[in-house]
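Report on the following structure.
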Amino acid sequence: MNMLTDKKPINSHSIVVRPVQKQDGAALHDLIAACPPLDLNSRYAYLLLCHHHARTSVVAEVDGELIGAVTAYIPPTQPDTLFVWQVAVASASRGQQLGQRMLEYLLQETCVPHQLRWIETTISPDNAASHKLFTRFASQHDAGCSIATLFNAESFGESGHEEERLYTIGPLGR
């Protein structure tokens with residue numbers, strides 16, 4: 001059974017959320033490829049991400065197969081901010097609040113040593129699922145959520161890429 005595409009619901013008790021490991025890079029690439037509208041980067045980029053950002057990125061798996069991921073990092077000039085790069089959930093696992101569960105794991109388990117006050121992410125206007133995830137997350141944490149254009153469509157050249165809006169959530173822990 002391929003967890004990325006099969007539509008059978010997954011028992012949430014069998015899902016393991018854990019920090020990424022270097023060997024997750026190729027599977028992470030495949031998961032992102034199966035989750036449009038996410039931008040797909042090279043396998044090498046995901047290998048580096050799993051190596052360099054293992055403390056700030058997590059995966060969800062069932063029986064050793066990746067079904068979800070949150071890739072994130074702390075920007076060097078913003079040590080109190082977690083920038084969430086991508087949130088991916090395999091189609092068969094959607095509707096179970098797995099994205100929320102992975103974000104909570106990051107805050108409670110992985111990013112504890114950091115004094116995080118803010119979460120930032122960019123979302124294109126057509127990505128309603130991410131908009132819903134992050135605005136709900138802000139509400140559940142009694143945090144504000146501001147939205148502003150970070151990159152307009154022209155910034156991407158002739159690629160046809162939509163603008164990317166910066167969501168800033170926080171302050172956390174008020």
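Scheme for the structure tokens: letters A, B, ... for chains in order shown; per-chain residue numbers from 1; ligand numbers from 1 in order shown.
Using only C-alpha atoms, the residues found no farther than 9 Å from segment 138-153 of chain A, other than those of its own chain fewer than 5 positions away, are Thr122, Leu133, Glu158, Ser159, Gly160, His161, Glu162, Glu163, Glu164, Arg165, Leu166, Tyr167, Thr168, Ile169, Gly170, Pro171, Leu172, Gly173 and Arg174 of chain A.
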Any chance you could list, as a PyMOL selection string, the residues in segment 61-120 of chain A that come up helix (DSSP H, G or I) when DSSP is run on the backbone? chain A and resi 91-93+98-110
Residues at most 7 Å from segment 62-66 of chain A, counting only C-alpha atoms, excluding those fewer than 5 positions away in the same chain, as JSON, numbers by chain? {"A": [14, 15, 16, 27]}
Surrounding residues of Thr56 of chain A excluding itself and chain neighbours under 2 positions, 9 Å, only C-alpha atoms, as a short mmCIF file (atom, residue, chain, number, x, y, z; two decimals) with C-alpha atoms, in the first residue's frame:
```cif
data_model
loop_
_atom_site.label_atom_id
_atom_site.label_comp_id
_atom_site.auth_asym_id
_atom_site.auth_seq_id
_atom_site.Cartn_x
_atom_site.Cartn_y
_atom_site.Cartn_z
CA PRO A 19 12.62 15.04 13.89
CA VAL A 20 13.93 14.55 10.35
CA HIS A 53 17.78 21.67 9.87
CA ALA A 54 17.10 18.43 11.74
CA VAL A 58 9.82 17.01 11.52
CA VAL A 70 7.12 20.27 8.26
CA THR A 71 10.38 21.78 7.07
CA ALA A 72 11.50 24.85 8.95
CA TYR A 73 14.50 26.81 10.15
CA ILE A 74 15.44 29.70 12.40
CA LEU A 82 10.70 29.78 13.31
CA VAL A 84 8.15 27.26 8.21
CA LEU A 106 7.93 21.32 16.67
CA THR A 110 12.03 20.10 18.89
CA CYS A 111 12.30 23.88 19.27
#
```
For atom CA of Ser91 of chain A and atom CA of Ser57 of chain A, the interatomic separation in Å (one decimal):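 Taking atom CA of Ser91 of chain A as the start and atom CA of Ser57 of chain A as the end point, the length is 20.0 Å.
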What lies within 10 Å of His52 of chain A using only C-alpha atoms, ignoring chain neighbours under 6 positions off, as a list in words?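 Surrounding residues, per the criterion: Gln21, Lys22, Tyr46 and Tyr73 of chain A.
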Resulting file, chosen residues, C-alpha atoms, as a PDB file, in the first residue's frame:
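Generated file (part.pdb):
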```pdb
ATOM      1  CA  GLN A  21      17.028  12.456   9.816  1.00  0.00           C
ATOM      2  CA  LYS A  22      19.604  12.709   7.068  1.00  0.00           C
ATOM      3  CA  TYR A  46      16.023  18.024   0.801  1.00  0.00           C
ATOM      4  CA  TYR A  73      14.501  26.810  10.153  1.00  0.00           C
TER       5      TYR A  73
END
```
Please determine, counting only C-alpha atoms, which residue among A:Ala69, A:Met102, A:Val59, A:Ala45 has the shortest atom-to-atom distance to Val87 of chain A.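 Of the candidates, the smallest distance to Val87 of chain A is held by A:Ala69.
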Figure out the distance between atom CA of Gln108 of chain A and atom CA of Gly68 of chain A, please, to one decimal in Å.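 Computing the Euclidean distance for atom CA of Gly68 of chain A and atom CA of Gln108 of chain A yields 17.7 Å.
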Which of segment 8-170 of chain A DSSP labels strand (DSSP E or B), written as JSON, numbers by chain: {"A": [16, 17, 18, 19, 58, 59, 60, 61, 62, 65, 66, 67, 68, 69, 70, 71, 72, 73, 81, 82, 83, 84, 85, 86, 87, 88, 89, 118, 119, 120, 121, 122, 123, 144, 145, 146, 147, 148, 149, 150, 151, 164, 165, 166, 167, 168, 169, 170]}
Using atom CA of Leu47 of chain A and atom CA of Gly95 of chain A as the two end points, give the distance in Å to one decimal.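 Rounded to one decimal, the two atoms are 28.0 Å apart.
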Between A:Arg43, A:Arg101, A:His114, A:His131, single out the one closest to Gln23 of chain A, counting only C-alpha atoms. A:Arg43
Minimum-distance residue to Leu103 of chain A, chosen among A:Phe156, A:Phe137, A:Trp85, A:Trp118 (using only C-alpha atoms):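 Ranked by minimum distance to Leu103 of chain A, first place goes to A:Phe137.
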Calculated over only C-alpha atoms, which of the candidates A:Ile119, A:Leu40, A:Ala26, A:Ala60 has the smallest distance to Gln97 of chain A?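 Ranked by minimum distance to Gln97 of chain A, first place goes to A:Ala60.
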For Ser42 of chain A, list every protein, DNA or RNA residue within 12 Å, evaluated using only C-alpha atoms, and leave out those in the same chain fewer than 6 positions away; present the list as an mmCIF file with N, CA and C atoms, in the first residue's frame.
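Below is the file result14.cif, written as the result:
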```
data_model
loop_
_atom_site.group_PDB
_atom_site.id
_atom_site.type_symbol
_atom_site.label_atom_id
_atom_site.label_comp_id
_atom_site.auth_asym_id
_atom_site.auth_seq_id
_atom_site.Cartn_x
_atom_site.Cartn_y
_atom_site.Cartn_z
ATOM 1 N N GLY A 25 15.862 12.434 3.305
ATOM 2 C CA GLY A 25 15.874 13.393 2.203
ATOM 3 C C GLY A 25 15.148 12.937 0.947
ATOM 4 N N ALA A 26 15.434 11.743 0.472
ATOM 5 C CA ALA A 26 14.811 11.260 -0.773
ATOM 6 C C ALA A 26 13.307 11.055 -0.588
ATOM 7 N N ALA A 27 12.907 10.459 0.536
ATOM 8 C CA ALA A 27 11.482 10.240 0.793
ATOM 9 C C ALA A 27 10.756 11.571 0.975
ATOM 10 N N LEU A 28 11.418 12.549 1.575
ATOM 11 C CA LEU A 28 10.825 13.875 1.733
ATOM 12 C C LEU A 28 10.592 14.512 0.363
ATOM 13 N N HIS A 29 11.559 14.381 -0.531
ATOM 14 C CA HIS A 29 11.409 14.871 -1.902
ATOM 15 C C HIS A 29 10.171 14.245 -2.557
ATOM 16 N N ASP A 30 10.013 12.930 -2.417
ATOM 17 C CA ASP A 30 8.881 12.235 -3.023
ATOM 18 C C ASP A 30 7.548 12.689 -2.413
ATOM 19 N N ILE A 32 6.897 15.674 -1.065
ATOM 20 C CA ILE A 32 6.617 17.029 -1.566
ATOM 21 C C ILE A 32 6.121 16.955 -3.013
ATOM 22 N N ALA A 33 6.716 16.075 -3.817
ATOM 23 C CA ALA A 33 6.296 15.926 -5.213
ATOM 24 C C ALA A 33 4.828 15.505 -5.312
ATOM 25 N N LEU A 48 20.117 18.193 2.174
ATOM 26 C CA LEU A 48 20.757 19.241 2.973
ATOM 27 C C LEU A 48 19.836 19.734 4.078
ATOM 28 N N LEU A 49 18.579 19.911 3.740
ATOM 29 C CA LEU A 49 17.618 20.366 4.736
ATOM 30 C C LEU A 49 17.549 19.377 5.903
#
```
